[in-house]
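Below is the file run-v7.tsv, which contains TSV, C-alpha atoms and all ligand atoms.
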```tsv
chain	number	residue	atom	x	y	z
R	1	MET	CA	6.70	-61.16	-57.32
R	2	LYS	CA	3.30	-59.48	-57.31
R	3	GLY	CA	3.93	-58.44	-53.72
R	4	LEU	CA	7.30	-57.01	-54.65
R	5	LEU	CA	5.74	-54.98	-57.46
R	6	ARG	CA	3.00	-53.78	-55.17
R	7	ALA	CA	5.62	-52.76	-52.62
R	8	ALA	CA	7.62	-50.93	-55.29
R	9	ASP	CA	4.44	-49.13	-56.43
R	10	ALA	CA	3.63	-48.09	-52.92
R	11	PHE	CA	7.15	-46.78	-52.34
R	12	ALA	CA	6.92	-44.84	-55.58
R	13	ALA	CA	3.50	-43.46	-54.58
R	14	GLY	CA	5.28	-41.79	-51.69
R	15	ASP	CA	2.39	-41.98	-49.25
R	16	SER	CA	4.00	-42.61	-45.90
R	17	GLY	CA	1.18	-44.77	-44.51
R	18	VAL	CA	1.17	-46.98	-47.60
R	19	LYS	CA	4.97	-46.99	-47.67
R	20	ARG	CA	5.20	-48.26	-44.14
R	21	GLY	CA	2.55	-50.93	-44.68
R	22	ARG	CA	4.37	-52.13	-47.77
R	23	MET	CA	7.71	-52.31	-46.02
R	24	ALA	CA	6.27	-55.33	-44.22
R	25	SER	CA	5.18	-56.84	-47.58
R	26	LEU	CA	8.64	-56.30	-48.99
R	27	PHE	CA	10.19	-58.01	-45.99
R	28	GLU	CA	7.68	-60.84	-46.37
R	29	VAL	CA	8.55	-61.34	-50.03
R	30	MET	CA	12.28	-61.22	-49.40
R	31	THR	CA	12.27	-63.62	-46.48
R	32	GLY	CA	9.32	-65.80	-47.43
R	33	ARG	CA	8.07	-65.36	-43.88
R	34	ASP	CA	4.50	-64.67	-42.99
R	35	ILE	CA	4.50	-61.62	-40.79
R	36	ALA	CA	1.75	-61.48	-38.22
R	37	VAL	CA	0.85	-58.17	-36.67
R	38	VAL	CA	1.16	-58.23	-32.87
R	39	GLY	CA	-0.58	-55.89	-30.49
R	40	PRO	CA	0.05	-52.97	-30.26
R	41	ILE	CA	0.61	-53.71	-26.60
R	42	ILE	CA	0.42	-51.30	-23.70
R	43	LEU	CA	1.92	-52.49	-20.43
R	44	LEU	CA	0.50	-50.97	-17.28
R	45	GLY	CA	1.72	-51.75	-13.78
R	46	SER	CA	3.34	-50.18	-10.75
R	47	PRO	CA	7.09	-49.84	-10.28
R	48	GLY	CA	8.26	-53.28	-9.13
R	49	ALA	CA	5.39	-55.12	-10.87
R	50	GLY	CA	7.85	-56.76	-13.26
R	51	LYS	CA	6.94	-54.83	-16.41
R	52	GLY	CA	10.57	-54.52	-17.51
R	53	THR	CA	11.18	-58.27	-17.24
R	54	GLN	CA	7.96	-59.08	-19.07
R	55	ALA	CA	8.64	-56.49	-21.78
R	56	LYS	CA	11.98	-58.18	-22.54
R	57	LEU	CA	10.30	-61.58	-22.82
R	58	ILE	CA	7.53	-60.25	-25.07
R	59	THR	CA	10.10	-58.53	-27.30
R	60	ARG	CA	12.09	-61.73	-27.64
R	61	HIS	CA	9.03	-63.89	-28.32
R	62	TYR	CA	7.30	-61.70	-30.91
R	63	GLY	CA	10.25	-59.73	-32.30
R	64	ILE	CA	8.64	-56.34	-31.75
R	65	PRO	CA	10.34	-53.35	-30.07
R	66	HIS	CA	9.96	-52.31	-26.45
R	67	ILE	CA	9.32	-48.58	-26.45
R	68	SER	CA	9.84	-46.99	-23.05
R	69	THR	CA	9.11	-43.25	-22.97
R	70	GLY	CA	11.23	-42.91	-19.79
R	71	ASP	CA	14.24	-44.48	-21.60
R	72	ILE	CA	13.82	-42.28	-24.70
R	73	LEU	CA	13.49	-39.15	-22.57
R	74	ARG	CA	16.56	-40.04	-20.46
R	75	ASP	CA	18.53	-40.67	-23.64
R	76	ASN	CA	17.52	-37.22	-24.97
R	77	VAL	CA	18.43	-35.56	-21.69
R	78	SER	CA	21.86	-37.22	-21.63
R	79	ARG	CA	22.53	-36.20	-25.27
R	80	ASP	CA	21.21	-32.69	-24.51
R	81	THR	CA	18.94	-32.65	-27.58
R	82	GLU	CA	16.22	-29.99	-28.04
R	83	LEU	CA	13.69	-32.44	-26.63
R	84	GLY	CA	16.02	-33.29	-23.74
R	85	LYS	CA	16.46	-29.58	-22.88
R	86	LYS	CA	12.67	-29.12	-22.75
R	87	ALA	CA	12.03	-32.30	-20.74
R	88	ARG	CA	14.88	-32.04	-18.22
R	89	ALA	CA	13.30	-29.73	-15.61
R	90	ALA	CA	10.05	-31.72	-15.33
R	91	MET	CA	11.96	-34.99	-15.08
R	92	GLU	CA	14.30	-33.70	-12.40
R	93	GLN	CA	11.32	-32.68	-10.29
R	94	GLY	CA	9.63	-36.04	-10.80
R	95	ASP	CA	6.81	-34.35	-12.76
R	96	LEU	CA	5.33	-35.51	-16.02
R	97	VAL	CA	6.78	-34.07	-19.20
R	98	ALA	CA	4.23	-32.01	-21.22
R	99	ASP	CA	1.84	-34.12	-23.32
R	100	ASP	CA	2.65	-32.44	-26.65
R	101	LEU	CA	6.37	-33.22	-26.26
R	102	VAL	CA	5.81	-36.84	-25.28
R	103	ASN	CA	3.04	-37.44	-27.82
R	104	GLY	CA	5.21	-36.05	-30.64
R	105	MET	CA	8.11	-38.23	-29.55
R	106	VAL	CA	5.88	-41.34	-29.49
R	107	ALA	CA	4.36	-40.49	-32.90
R	108	ASP	CA	7.90	-40.34	-34.38
R	109	ARG	CA	9.01	-43.57	-32.74
R	110	LEU	CA	5.94	-45.48	-33.95
R	111	ARG	CA	6.86	-44.62	-37.55
R	112	TRP	CA	10.17	-46.47	-37.44
R	113	PRO	CA	10.21	-49.59	-39.63
R	114	ASP	CA	10.81	-51.90	-36.66
R	115	ALA	CA	7.46	-50.87	-35.13
R	116	GLN	CA	5.31	-51.68	-38.16
R	117	ARG	CA	4.39	-55.22	-37.07
R	118	GLY	CA	3.63	-54.06	-33.54
R	119	PHE	CA	5.29	-52.65	-30.44
R	120	ILE	CA	5.13	-52.63	-26.66
R	121	LEU	CA	4.58	-49.27	-25.01
R	122	ASP	CA	5.93	-48.96	-21.49
R	123	GLY	CA	5.43	-45.76	-19.49
R	124	PHE	CA	2.99	-44.43	-22.07
R	125	PRO	CA	0.17	-43.45	-21.87
R	126	ARG	CA	0.49	-41.98	-18.36
R	127	THR	CA	-2.65	-39.83	-18.49
R	128	VAL	CA	-6.13	-40.20	-19.97
R	129	ALA	CA	-5.33	-37.29	-22.33
R	130	GLN	CA	-2.35	-39.30	-23.67
R	131	ALA	CA	-4.53	-42.41	-24.02
R	132	GLU	CA	-7.11	-40.42	-26.01
R	133	TRP	CA	-4.37	-38.98	-28.23
R	134	LEU	CA	-2.96	-42.49	-28.81
R	135	ASP	CA	-6.37	-43.87	-29.83
R	136	LYS	CA	-6.71	-41.10	-32.42
R	137	GLU	CA	-3.13	-41.50	-33.66
R	138	LEU	CA	-3.51	-45.28	-34.14
R	139	ALA	CA	-6.81	-44.82	-35.97
R	140	ALA	CA	-5.33	-42.08	-38.17
R	141	GLU	CA	-2.47	-44.40	-39.10
R	142	SER	CA	-4.91	-47.29	-39.78
R	143	ARG	CA	-3.38	-49.33	-37.01
R	144	ARG	CA	-5.14	-51.67	-34.63
R	145	ALA	CA	-6.40	-50.49	-31.26
R	146	PRO	CA	-4.09	-51.61	-28.42
R	147	VAL	CA	-4.24	-54.66	-26.20
R	148	VAL	CA	-3.74	-53.28	-22.70
R	149	ILE	CA	-2.06	-55.57	-20.18
R	150	TYR	CA	-2.30	-54.62	-16.53
R	151	VAL	CA	0.26	-56.46	-14.42
R	152	ASP	CA	-1.53	-56.53	-11.10
R	153	VAL	CA	0.52	-56.87	-7.90
R	154	SER	CA	-0.81	-56.02	-4.42
R	155	TYR	CA	0.55	-53.04	-2.53
R	156	ASN	CA	2.15	-55.17	0.22
R	157	GLN	CA	3.88	-57.44	-2.26
R	158	LEU	CA	5.24	-54.39	-4.16
R	159	LEU	CA	6.52	-52.91	-0.91
R	160	GLN	CA	8.40	-56.13	-0.11
R	161	ARG	CA	9.78	-56.42	-3.63
R	162	LEU	CA	11.10	-52.86	-3.58
R	163	THR	CA	12.22	-52.44	0.05
R	164	GLY	CA	13.77	-55.93	0.07
R	165	ARG	CA	15.99	-55.23	-2.92
R	166	ARG	CA	19.75	-55.39	-2.30
R	167	THR	CA	22.38	-54.91	-5.00
R	168	CYS	CA	26.00	-55.95	-5.33
R	169	PRO	CA	28.08	-52.85	-6.21
R	170	VAL	CA	30.68	-54.99	-8.02
R	171	ASP	CA	28.74	-57.29	-10.36
R	172	GLY	CA	25.30	-55.61	-10.23
R	173	LYS	CA	23.58	-58.83	-9.09
R	174	ILE	CA	20.22	-58.10	-7.47
R	175	TYR	CA	18.87	-60.02	-4.45
R	176	ASN	CA	15.71	-59.68	-2.41
R	177	ILE	CA	15.90	-60.33	1.33
R	178	TYR	CA	12.34	-61.72	1.31
R	179	PHE	CA	12.18	-63.68	-1.94
R	180	GLN	CA	15.74	-64.30	-3.12
R	181	PRO	CA	18.12	-63.82	-0.20
R	182	PRO	CA	21.87	-64.27	-0.60
R	183	LEU	CA	23.32	-67.44	0.98
R	184	LYS	CA	25.04	-65.33	3.62
R	185	GLN	CA	23.12	-62.31	4.91
R	186	GLY	CA	24.19	-59.00	3.36
R	187	VAL	CA	26.93	-60.47	1.15
R	188	CYS	CA	27.06	-61.24	-2.58
R	189	ASP	CA	27.09	-65.00	-3.36
R	190	VAL	CA	29.34	-64.47	-6.36
R	191	CYS	CA	32.06	-62.11	-5.14
R	192	GLY	CA	31.53	-61.77	-1.37
R	193	THR	CA	31.11	-57.96	-1.50
R	194	GLN	CA	28.79	-56.19	0.96
R	195	LEU	CA	25.37	-55.61	-0.64
R	196	PHE	CA	23.73	-52.17	-0.58
R	197	GLN	CA	20.22	-50.76	-0.65
R	198	ARG	CA	19.48	-47.98	-3.16
R	199	VAL	CA	18.64	-44.67	-1.48
R	200	ASP	CA	15.30	-44.54	-3.28
R	201	ASP	CA	14.41	-48.07	-2.13
R	202	THR	CA	13.45	-47.06	1.40
R	203	GLU	CA	9.88	-47.53	2.59
R	204	ALA	CA	9.00	-43.80	2.81
R	205	VAL	CA	10.21	-43.03	-0.73
R	206	ILE	CA	8.70	-46.19	-2.17
R	207	SER	CA	5.29	-45.76	-0.63
R	208	GLU	CA	5.21	-42.21	-2.07
R	209	ARG	CA	6.20	-43.51	-5.53
R	210	LEU	CA	3.57	-46.25	-5.38
R	211	LYS	CA	0.82	-43.87	-4.31
R	212	SER	CA	1.66	-41.37	-7.02
R	213	TYR	CA	1.79	-44.15	-9.60
R	214	GLU	CA	-1.60	-45.38	-8.44
R	215	ARG	CA	-3.08	-41.88	-8.71
R	216	GLN	CA	-1.84	-41.72	-12.32
R	217	THR	CA	-2.67	-45.27	-13.36
R	218	LEU	CA	-6.13	-45.88	-11.93
R	219	PRO	CA	-7.88	-43.46	-14.32
R	220	LEU	CA	-6.14	-45.26	-17.22
R	221	VAL	CA	-7.17	-48.68	-15.93
R	222	ASP	CA	-10.69	-47.32	-15.77
R	223	TYR	CA	-10.46	-45.80	-19.28
R	224	TYR	CA	-9.33	-49.05	-20.92
R	225	ASN	CA	-11.68	-51.15	-18.81
R	226	ARG	CA	-14.63	-49.14	-20.11
R	227	GLN	CA	-13.39	-49.75	-23.66
R	228	GLY	CA	-13.23	-53.50	-22.90
R	229	ARG	CA	-9.50	-53.54	-23.76
R	230	LEU	CA	-7.98	-54.16	-20.35
R	231	ARG	CA	-6.45	-57.60	-19.72
R	232	ARG	CA	-5.56	-58.02	-16.07
R	233	VAL	CA	-2.82	-60.56	-15.30
R	234	ASN	CA	-1.81	-61.75	-11.86
R	235	GLY	CA	1.71	-60.36	-11.45
R	236	GLU	CA	2.29	-62.25	-8.18
R	237	LEU	CA	2.73	-65.61	-9.90
R	238	PRO	CA	6.20	-66.89	-10.94
R	239	VAL	CA	7.67	-64.98	-13.92
R	240	GLU	CA	7.02	-67.75	-16.50
R	241	GLN	CA	3.36	-68.01	-15.48
R	242	VAL	CA	2.90	-64.25	-15.76
R	243	THR	CA	4.47	-64.43	-19.23
R	244	GLN	CA	2.10	-67.23	-20.28
R	245	GLN	CA	-0.90	-65.18	-19.13
R	246	ILE	CA	0.39	-62.21	-21.12
R	247	PHE	CA	0.91	-64.28	-24.29
R	248	ARG	CA	-2.63	-65.61	-23.98
R	249	ALA	CA	-3.98	-62.07	-23.51
R	250	ILE	CA	-2.04	-60.83	-26.56
R	251	GLU	CA	-3.14	-63.71	-28.75
R	252	GLY	CA	-6.74	-63.45	-27.52
R	253	GLY	CA	-6.64	-59.73	-28.35
R	254	ALA	CA	-5.16	-60.45	-31.78
R	255	ALA	CA	-7.82	-63.09	-32.52
R	256	ALA	CA	-10.57	-60.64	-31.55
R	257	ALA	CA	-9.03	-57.92	-33.73
R	258	ASN	CA	-8.86	-60.27	-36.72
R	259	ASP	CA	-12.49	-61.47	-36.41
D	1	LIG	P1	9.90	-43.77	-16.16
D	1	LIG	O1	11.26	-44.34	-16.45
D	1	LIG	O2	8.81	-44.39	-16.98
D	1	LIG	O3	9.57	-43.78	-14.69
D	1	LIG	O4	9.95	-42.23	-16.60
D	1	LIG	C1	10.88	-41.32	-16.06
D	1	LIG	C2	10.36	-39.89	-16.19
D	1	LIG	O5	10.16	-39.56	-17.56
D	1	LIG	C3	9.00	-39.66	-15.54
D	1	LIG	O6	9.14	-39.35	-14.17
D	1	LIG	C4	8.49	-38.46	-16.33
D	1	LIG	O7	9.13	-37.24	-15.91
D	1	LIG	C5	8.99	-38.76	-17.72
D	1	LIG	N1	7.99	-39.56	-18.48
D	1	LIG	C6	8.09	-40.85	-18.91
D	1	LIG	N2	7.00	-41.23	-19.58
D	1	LIG	C7	6.18	-40.14	-19.59
D	1	LIG	C8	4.88	-39.90	-20.13
D	1	LIG	N3	4.19	-40.86	-20.77
D	1	LIG	N4	4.34	-38.66	-19.95
D	1	LIG	C9	4.99	-37.69	-19.31
D	1	LIG	N5	6.22	-37.85	-18.77
D	1	LIG	C10	6.81	-39.06	-18.90
```

Go ahead and render the structure in this file as C-alpha cells.
Ligand code: AMP
Amino acid sequence: MKGLLRAADAFAAGDSGVKRGRMASLFEVMTGRDIAVVGPIILLGSPGAGKGTQAKLITRHYGIPHISTGDILRDNVSRDTELGKKARAAMEQGDLVADDLVNGMVADRLRWPDAQRGFILDGFPRTVAQAEWLDKELAAESRRAPVVIYVDVSYNQLLQRLTGRRTCPVDGKIYNIYFQPPLKQGVCDVCGTQLFQRVDDTEAVISERLKSYERQTLPLVDYYNRQGRLRRVNGELPVEQVTQQIFRAIEGGAAAAND
C-alpha cells in the first residue's frame, strides 16, 4: 500500500522522470512481482551475425522490448510521417540518417512505459557521436549505463552465412547451402518450390556491406572497450550457446551495476 501511495504521489508530482520510475512500482504493487531492471543492452554485430535471432530470445527471456532504429525508421518511411519524409533520402542511398533525427527518435522511444525496466538497442548507436549522446541521455534520465554485447563472427563465416542463404518464395523458409542445405539441392523441403537467392546476397554486394559495417562499428567497439563495457561473445557457436553467453554477460553486467 505504501508503494501504491508513493506511486500516486509521484504521478501527482508530475515529474516525468519520477513518474516513469514509479510506473514500475505501481506495476510491482499490482502484480506482486519483483521487477528487476535489465541492461540497458546494446547489441553490436555485423549483418548476418545473428543479432536479430538473439534479440528475440533476449526479449522473450527478460520481457524487455527490442528497439531497432532501422525498423522504426522504415515504419516512419512507409507511413510517410514527418520523420519518415526527412529520413527517406538518406536511407534510400544507404547513408546514415542525421544524428539529431535518430537521437530524438530514440529519446522518445526510451520514454515508453515498456522500456522502463530495460531495453535492447539494435542498430543504435551507429557512430561514436551517437554513443556519446546516449551516455549523456541515460545519465540525465538516471538510468544505468549500458551493457554492450558484441556478437563476434569472422569475416569468412559471415560471407558463407550471407552468400549461402536461399529462400523459398512460397513459405519464406530460409536455408543455407553450407550450414542448412535443403534435402534436395535448390528445392524447398516443405513445398518443393525452387529456392532463390536475394539480389543483395551476392558476394560483391555483401563484402561491400560487411566492410562498410566494419568501418562504422570498429570505432564503437573501441569506444565501449575503453569504457570497460564491451562484452564479446563468440557468435560462431550454436545459437543456444551464444544465447547463454549473452545471458551471462547481461547478468554479470547487472551484478556489477548493482554493487
Ligand atoms: P538497419 O535496418 O539497421 O540496417 O537500418 C536501415 C537504415 O536505417 C540504415 O541504412 C540507415 O539509413 C538508417 N539507420 C538505422 N539506424 C541508424 C542509426 N543509428 N543512425 C543513422 N541511421 C540509421

Compute the set of protein, DNA and RNA residues whose minimum atom distance to ligand LIG 1 (chain D) is at most 6 Å, using all atoms listed in the file, and state it as a PDB file with C-alpha atoms, in the frame of the given file.
```pdb
ATOM      1  CA  THR R  69       9.110 -43.250 -22.970  1.00  0.00           C
ATOM      2  CA  GLY R  70      11.230 -42.910 -19.790  1.00  0.00           C
ATOM      3  CA  ASP R  71      14.240 -44.480 -21.600  1.00  0.00           C
ATOM      4  CA  ALA R  90      10.050 -31.720 -15.330  1.00  0.00           C
ATOM      5  CA  MET R  91      11.960 -34.990 -15.080  1.00  0.00           C
ATOM      6  CA  GLY R  94       9.630 -36.040 -10.800  1.00  0.00           C
ATOM      7  CA  ASP R  95       6.810 -34.350 -12.760  1.00  0.00           C
ATOM      8  CA  LEU R  96       5.330 -35.510 -16.020  1.00  0.00           C
ATOM      9  CA  VAL R  97       6.780 -34.070 -19.200  1.00  0.00           C
ATOM     10  CA  VAL R 102       5.810 -36.840 -25.280  1.00  0.00           C
ATOM     11  CA  GLY R 123       5.430 -45.760 -19.490  1.00  0.00           C
ATOM     12  CA  PHE R 124       2.990 -44.430 -22.070  1.00  0.00           C
ATOM     13  CA  PRO R 125       0.170 -43.450 -21.870  1.00  0.00           C
ATOM     14  CA  ARG R 126       0.490 -41.980 -18.360  1.00  0.00           C
TER      15      ARG R 126
END
```

Quiz item: In Å, how far is it from atom CA of Gln244 of chain R to atom CA of Leu158 of chain R?
Solution: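 Rounded to one decimal, the two atoms are 20.8 Å apart.
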
Practice problem: Fewer than 6 positions away in the same chain doesn't count, so skip those; otherwise give me all residues within 12 Å of segment 168-174 of chain R, counting all atoms listed in the file, as a ChimeraX atom specification. | Solution: /R:161-162,180-182,186-198

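With atom CA of Arg111 of chain R on one side and atom CA of Lys51 of chain R on the other, the separation reads 23.5 Å.
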
Exercise. Kindly give the distance, in Å, that separates atom CA of Ser46 of chain R and atom CA of Glu214 of chain R, rounded to a single decimal.
Key: 7.3 Å

Please give the centre and size of the box around segment 192-197 of chain R (axis-aligned, containing every atom listed in the file, 4 Å added per side), with values in Å to one decimal and written as lines of an AutoDock Vina configuration file.
```
center_x = 25.9
center_y = -56.3
center_z = -0.3
size_x = 19.3
size_y = 19.0
size_z = 10.5
```

Self-check item: Given only C-alpha atoms as the counted atoms, nearest of R:Lys86, R:Lys56, R:Arg165, R:Trp133 to Asp200 of chain R
Solution: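 Looking at the shortest contact to Asp200 of chain R, the residue is R:Arg165.
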
Quiz item: Of the candidates R:Asp114, R:Glu92, R:Glu132, R:Asp100, which one gets nearest to Val77 of chain R if we count all atoms listed in the file?
Solution: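 Ranked by minimum distance to Val77 of chain R, first place goes to R:Glu92.
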
Show me as a compact mmCIF listing (two decimals) with C-alpha atoms, in the coordinates of the input the residues that reach within 9 Å of (-7.9, -45.4, -17.8), counting only C-alpha atoms and using the file's own coordinates.
```txt
# COMPACT_ATOMS: atom_id res chain seq x y z
CA THR R 127 -2.65 -39.83 -18.49
CA VAL R 128 -6.13 -40.20 -19.97
CA ALA R 131 -4.53 -42.41 -24.02
CA GLN R 216 -1.84 -41.72 -12.32
CA THR R 217 -2.67 -45.27 -13.36
CA LEU R 218 -6.13 -45.88 -11.93
CA PRO R 219 -7.88 -43.46 -14.32
CA LEU R 220 -6.14 -45.26 -17.22
CA VAL R 221 -7.17 -48.68 -15.93
CA ASP R 222 -10.69 -47.32 -15.77
CA TYR R 223 -10.46 -45.80 -19.28
CA TYR R 224 -9.33 -49.05 -20.92
CA ASN R 225 -11.68 -51.15 -18.81
CA ARG R 226 -14.63 -49.14 -20.11
```

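Neighbours of segment 61-68 of chain R closer than or equal to 9 Å, with all atoms listed in the file counted and sequence neighbours fewer than 4 positions away skipped, come out as Val38, Ala55, Lys56, Leu57, Ile72, Leu73, Val106, Arg109, Leu110, Asp114, Ala115, Gln116, Arg117, Gly118, Phe119, Ile120, Leu121, Asp122, Gly123 and Phe124 of chain R.
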
Can we get segment 100-149 of chain R of that structure written down with C-alpha atoms, as an mmCIF file, in the first residue's frame?
```
data_model
loop_
_atom_site.group_PDB
_atom_site.id
_atom_site.type_symbol
_atom_site.label_atom_id
_atom_site.label_comp_id
_atom_site.auth_asym_id
_atom_site.auth_seq_id
_atom_site.Cartn_x
_atom_site.Cartn_y
_atom_site.Cartn_z
ATOM 1 C CA ASP R 100 19.639 14.683 -34.358
ATOM 2 C CA LEU R 101 16.722 12.896 -36.044
ATOM 3 C CA VAL R 102 17.755 9.444 -34.849
ATOM 4 C CA ASN R 103 18.723 10.600 -31.356
ATOM 5 C CA GLY R 104 15.375 12.364 -30.908
ATOM 6 C CA MET R 105 13.534 9.275 -32.093
ATOM 7 C CA VAL R 106 15.474 7.060 -29.647
ATOM 8 C CA ALA R 107 14.912 9.518 -26.762
ATOM 9 C CA ASP R 108 11.133 9.318 -27.393
ATOM 10 C CA ARG R 109 11.099 5.537 -27.658
ATOM 11 C CA LEU R 110 13.057 5.090 -24.415
ATOM 12 C CA ARG R 111 10.342 7.009 -22.550
ATOM 13 C CA TRP R 112 7.627 4.480 -23.344
ATOM 14 C CA PRO R 113 6.437 2.546 -20.278
ATOM 15 C CA ASP R 114 7.553 -0.797 -21.724
ATOM 16 C CA ALA R 115 11.184 0.377 -21.765
ATOM 17 C CA GLN R 116 11.381 1.377 -18.097
ATOM 18 C CA ARG R 117 12.774 -1.954 -16.843
ATOM 19 C CA GLY R 118 15.296 -2.087 -19.672
ATOM 20 C CA PHE R 119 15.554 -2.456 -23.429
ATOM 21 C CA ILE R 120 17.714 -3.853 -26.202
ATOM 22 C CA LEU R 121 19.033 -1.373 -28.732
ATOM 23 C CA ASP R 122 19.784 -2.800 -32.161
ATOM 24 C CA GLY R 123 21.258 -0.604 -34.901
ATOM 25 C CA PHE R 124 21.916 2.196 -32.420
ATOM 26 C CA PRO R 125 24.395 3.703 -31.695
ATOM 27 C CA ARG R 126 25.997 3.578 -35.155
ATOM 28 C CA THR R 127 28.556 6.330 -34.568
ATOM 29 C CA VAL R 128 30.700 7.450 -31.639
ATOM 30 C CA ALA R 129 28.738 10.741 -31.584
ATOM 31 C CA GLN R 130 25.519 8.723 -31.063
ATOM 32 C CA ALA R 131 27.202 6.651 -28.335
ATOM 33 C CA GLU R 132 28.288 9.837 -26.533
ATOM 34 C CA TRP R 133 24.779 11.274 -26.834
ATOM 35 C CA LEU R 134 23.304 8.023 -25.441
ATOM 36 C CA ASP R 135 25.643 8.060 -22.426
ATOM 37 C CA LYS R 136 24.512 11.602 -21.602
ATOM 38 C CA GLU R 137 20.833 10.812 -22.180
ATOM 39 C CA LEU R 138 20.925 7.746 -19.900
ATOM 40 C CA ALA R 139 22.729 9.698 -17.179
ATOM 41 C CA ALA R 140 20.275 12.603 -17.487
ATOM 42 C CA GLU R 141 17.377 10.170 -17.067
ATOM 43 C CA SER R 142 19.101 8.490 -14.076
ATOM 44 C CA ARG R 143 19.310 5.227 -15.937
ATOM 45 C CA ARG R 144 22.095 2.681 -15.814
ATOM 46 C CA ALA R 145 24.955 2.740 -18.289
ATOM 47 C CA PRO R 146 24.539 0.076 -20.993
ATOM 48 C CA VAL R 147 25.882 -3.458 -21.182
ATOM 49 C CA VAL R 148 27.332 -3.708 -24.681
ATOM 50 C CA ILE R 149 27.284 -7.129 -26.310
#
```
